[in-house]
Amino acid sequence: MSQVAVDKTIDARGTYCPGPLMELIKTLKTAPLQSVIEVWSSDSGSSTDIPVWVKKAGHEFVYSIEEKGYWRIAVRKAR
Amino acid sequence: MRRIAILGGGVGGTMVANRLARELREEIARSEVEVVLVGEEANHTYQPGFLYIAFNQAPLERFVRPQASLLVSGVRFLNVRAKKIDTASNSLQFENGDSLTYDFLVIATGSHPSMDTVTGLKEGAHSFYTAEQSIALRNALASMESGRIVIGVDVPHKCPVAVLEFTLMLDEYLRKRGKREQFEIIYTYPIGRLHSLVPVANWVEPEFERRGIQSEFFFNVDNVDPDKKIIESLEGSSYSYDLLVMVPAHRGAKVIMDSGIGDESGFVPTDRYSLRMKGSDNVFVIGDATDLPISKAGSTAHYEADTIVANLVDELHGLPADHQYDGKVYCFIEGGLDKATYIAFSYTEPPKPTAPSELLHWFKLMYNEIYWLSVRGLL
């Protein structure tokens with residue numbers, strides 16, 4: 001799981017607006033197909049919000065790993 | 001003589017230039033330091049005014065002043081368009097063929113709404129993020145008697161609360177004209193609640209219910225059919241509309257892209273605390289031009305200006321330039337046409353809700369005038 005190569009990391013810890021999911025949506029728009037984007041979020045809600053949107057939008061949820069005080073959530077651009 | 005060049009005459013650039021000129025008055029008088037503001041616009045526009053223009057609350061002229069009239073003594077204004085930023089040679093190249101070297105640079109080139117990022121958007125949608133768009137929207141709203149108004153949001157965009165302000169003001173605008181019953185208002189949003197900020201989303205949810213405003217979450221615009229008047233999301237839903245009002249995706253300035261110093265969207269990689277451009281010691285970035293995952297808003301630039309000015313003054317005085325931006329953002333939120341609230345937060349302080357009041361609305365209107373003092377570096 002942690003061997004997945006991350007193409008871009010967004011450090012959205014401690015940011016509330018636009019927030020980690022909006023940052024992910026923004027980044028996926030310009031990312032190449034199949035690239036993996038990892039978001040760092042200190043908002044526990046991100047670990048549930050992000051997978052819900054990823055499924056709706058047809059991308060691929062890769063992992064969510066809890067670190068000390070934040071989550072690393074990875075998504076692969078699938079369309 | 002050492003020169004500080006500030007590229008961009010919006011909120012951040014103008015504030016930094018004026019505050020530096022005040023802080024460095026003596027050095028400027030002795031010709032030891034020069035503060036140069038490079039701006040391509042001869043006029044300075046207070047962009048929050050666009051919202052009021054759209055609802056015919058004020059004309060454009062109320063929100064526009066000559067840029068030169070806002071600059072204090074000690075700021076040299078170059079009204080030119082920059083073509084390239086060359087950080088290797090510490091110089092700016094202009095479209096008129098001139099160039100300017102600098103010792104320190106502040107990039108304040110802003111973010112710019114683009115109606116070209118989604119198919120059919122330019123032809124099929126209105127917006128309120130430029131003066132021209134607000135005037136066109138004002139005229140479209142004034143001539144409508146009934147129909148479905150769909151509101152959508154693309155990312156990234158400046159002033160993240162503006163879309164909620166627009167929606168609530170639209171509801172009241174239609175009520176005050178006695179035609180709300182003839183309209184359907186549908187608000188769509190990219191994520192799973194009404195706004196990024198949880199307290200704001202919680203506050204506005206019962207407001208939407210009370211006002212009969214419909215909403216859909218997880219709606220990211222994919223395309224617009226301007227002939228059939230249909231908007232489709234990449235999540236697979238769609239709406240027909242009579243009037244579509246979009247907050248379009250924003251991009252960084254062309255000069256950032258052309259200079260090869262921006263990310264895919266033209267925003268400059270920036271250290272979130274020092275506000276220096278990553279990989280550079282003498283270039284700072286302010287406001288919407290940064291790639292920081294924080295609100296692109298005038299107040300962000302305002303607070304960032306404190307950090308950048310303090311660091312530049314210390315740099316020139318040979319002191320440790322270690323001032324850090326704490327991520328502070330403060331936003332007024334219009335809750336209709338006669339009530340407002342505000343939200344404030346930082347990297348370490350989460351946002352807390354504040355009850356809307358008529359007093360805050362009047363304070364917001366007052367700030368629209370106070371801004372002209374603020375941008376001169378007086379507040």
# chains A, B, ... in the order shown; residues from 1 in each chain; ligands from 1
$ residues_around --residues "range 51-65 of chain A" --least-positions-apart "4" --cutoff "10 Å" --atoms "only C-alpha atoms" --output "ChimeraX atom specification"
/A:1-2,4,21,24-25,28,33-34,36-40,46-47,70-79 /B:190-192,217-220,233-236
$ interface_residues --of "chain A" --to "chain B" --cutoff "7 Å" --atoms "only C-alpha atoms" --output "list in words"
Ala12, Gly14, Thr15, Tyr16, Cys17, Pro18, Gly19, Glu23, Lys26, Thr30, Trp53, Lys56 and Ala57 of chain A
$ write_last_selection --atoms "N, CA and C atoms" --output "short mmCIF file (atom, residue, chain, number, x, y, z; two decimals), in the first residue's frame"
data_model
loop_
_atom_site.label_atom_id
_atom_site.label_comp_id
_atom_site.auth_asym_id
_atom_site.auth_seq_id
_atom_site.Cartn_x
_atom_site.Cartn_y
_atom_site.Cartn_z
N ALA A 12 -2.39 20.16 2.95
CA ALA A 12 -3.54 21.01 3.31
C ALA A 12 -3.80 20.97 4.81
N GLY A 14 -4.12 22.12 8.49
CA GLY A 14 -4.38 23.43 9.10
C GLY A 14 -5.04 24.42 8.18
N THR A 15 -5.58 23.95 7.07
CA THR A 15 -6.28 24.87 6.18
C THR A 15 -7.76 24.48 6.13
N TYR A 16 -8.60 25.49 6.18
CA TYR A 16 -10.04 25.24 6.32
C TYR A 16 -10.84 25.65 5.08
N CYS A 17 -10.29 26.58 4.34
CA CYS A 17 -11.06 27.08 3.19
C CYS A 17 -10.07 27.46 2.09
N PRO A 18 -10.09 26.86 0.94
CA PRO A 18 -11.13 25.97 0.42
C PRO A 18 -11.15 24.56 1.03
N GLY A 19 -10.10 24.11 1.65
CA GLY A 19 -10.13 22.80 2.30
C GLY A 19 -9.53 21.69 1.47
N GLU A 23 -9.00 21.23 -2.69
CA GLU A 23 -7.63 21.25 -3.21
C GLU A 23 -7.38 20.01 -4.08
N LYS A 26 -9.20 20.43 -7.42
CA LYS A 26 -8.44 21.38 -8.24
C LYS A 26 -7.23 20.69 -8.87
N THR A 30 -5.97 19.16 -13.42
CA THR A 30 -4.84 19.41 -14.33
C THR A 30 -3.81 18.29 -14.30
N TRP A 53 -16.46 11.35 -2.45
CA TRP A 53 -16.41 12.10 -3.71
C TRP A 53 -15.67 11.33 -4.80
N LYS A 56 -17.97 8.93 -6.42
CA LYS A 56 -18.96 9.61 -7.27
C LYS A 56 -18.34 10.12 -8.57
N ALA A 57 -17.10 10.60 -8.47
CA ALA A 57 -16.46 11.21 -9.63
C ALA A 57 -15.77 10.19 -10.54
#
$ atom_distance --atom1 "CA of Lys364 in chain B" --atom2 "CA of Ala21 in chain B"
28.0 Å
$ residues_around --residues "range 303-310 of chain B" --least-positions-apart "3" --cutoff "7 Å" --atoms "only C-alpha atoms" --output "PDB file with C-alpha atoms, in the first residue's frame"
ATOM      1  CA  GLY B  12      -1.681  42.931  -1.842  1.00  0.00           C
ATOM      2  CA  MET B  15      -0.740  47.615   0.425  1.00  0.00           C
ATOM      3  CA  VAL B  16       2.839  46.347   0.433  1.00  0.00           C
ATOM      4  CA  ARG B  19       3.425  50.312   3.835  1.00  0.00           C
ATOM      5  CA  LEU B  20       7.016  49.943   2.662  1.00  0.00           C
ATOM      6  CA  ILE B 286       1.393  37.588  -1.753  1.00  0.00           C
ATOM      7  CA  SER B 299      -8.058  39.786   3.767  1.00  0.00           C
ATOM      8  CA  THR B 300      -5.518  37.023   3.176  1.00  0.00           C
ATOM      9  CA  VAL B 313      12.266  46.080   6.287  1.00  0.00           C
ATOM     10  CA  ASP B 314      14.400  43.708   8.369  1.00  0.00           C
ATOM     11  CA  HIS B 323       8.507  37.026  10.581  1.00  0.00           C
ATOM     12  CA  GLN B 324       5.972  34.326   9.786  1.00  0.00           C
ATOM     13  CA  TYR B 325       2.458  34.413   8.370  1.00  0.00           C
ATOM     14  CA  LYS B 328      -5.020  34.324   9.195  1.00  0.00           C
TER      15      LYS B 328
END
$ select_by_dssp --residues "range 75-140 of chain B" --states "strand (DSSP E or B)" --output "MDAnalysis selection string"
chainID B and resid 75:78 82:86 91:94 99:101 104:107 111:113 119 126
$ residues_around --residues "Val38 in chain B" --least-positions-apart "4" --cutoff "12 Å" --atoms "only C-alpha atoms" --output "NGL selection string"
:B and (4-10 or 13-14 or 17 or 42 or 67-68 or 71 or 75-83 or 85 or 92-94 or 99-100 or 102 or 105-109)
$ write_last_selection --atoms "C-alpha atoms" --output "tab-separated table (two decimals), in the first residue's frame"
chain	number	residue	atom	x	y	z
B	4	ILE	CA	12.12	46.66	-4.10
B	5	ALA	CA	9.86	45.93	-7.05
B	6	ILE	CA	6.24	44.96	-6.47
B	7	LEU	CA	4.56	43.36	-9.44
B	8	GLY	CA	0.78	43.81	-9.38
B	9	GLY	CA	-1.42	46.69	-8.26
B	10	GLY	CA	-4.25	44.82	-6.55
B	13	GLY	CA	0.68	44.82	-4.14
B	14	THR	CA	-0.73	48.25	-3.34
B	17	ALA	CA	4.06	49.30	-1.67
B	42	ALA	CA	-4.33	52.57	-14.54
B	67	GLN	CA	-4.23	53.67	-9.06
B	68	ALA	CA	-1.89	56.65	-8.76
B	71	LEU	CA	-0.17	55.53	-3.65
B	75	VAL	CA	6.13	54.84	-4.24
B	76	ARG	CA	7.17	55.06	-7.89
B	77	PHE	CA	4.36	53.72	-10.12
B	78	LEU	CA	5.14	52.15	-13.45
B	79	ASN	CA	1.94	51.64	-15.42
B	80	VAL	CA	3.24	48.88	-17.71
B	81	ARG	CA	2.47	45.25	-18.47
B	82	ALA	CA	5.13	42.77	-17.44
B	83	LYS	CA	6.14	40.16	-19.99
B	85	ILE	CA	9.98	37.66	-14.51
B	92	LEU	CA	11.41	42.24	-14.92
B	93	GLN	CA	10.87	42.62	-18.63
B	94	PHE	CA	7.97	44.69	-19.89
B	99	SER	CA	13.17	46.26	-18.12
B	100	LEU	CA	13.74	46.79	-14.40
B	102	TYR	CA	15.46	44.55	-8.45
B	105	LEU	CA	10.63	41.32	-5.66
B	106	VAL	CA	7.08	40.92	-4.38
B	107	ILE	CA	4.86	38.97	-6.76
B	108	ALA	CA	1.29	40.20	-6.40
B	109	THR	CA	-0.13	39.19	-9.75
$ closest_residue --among "B:Gln47, B:Ser240, B:Thr101, B:Asn282" --to "Gln133 in chain B" --atoms "only C-alpha atoms"
B:Gln47
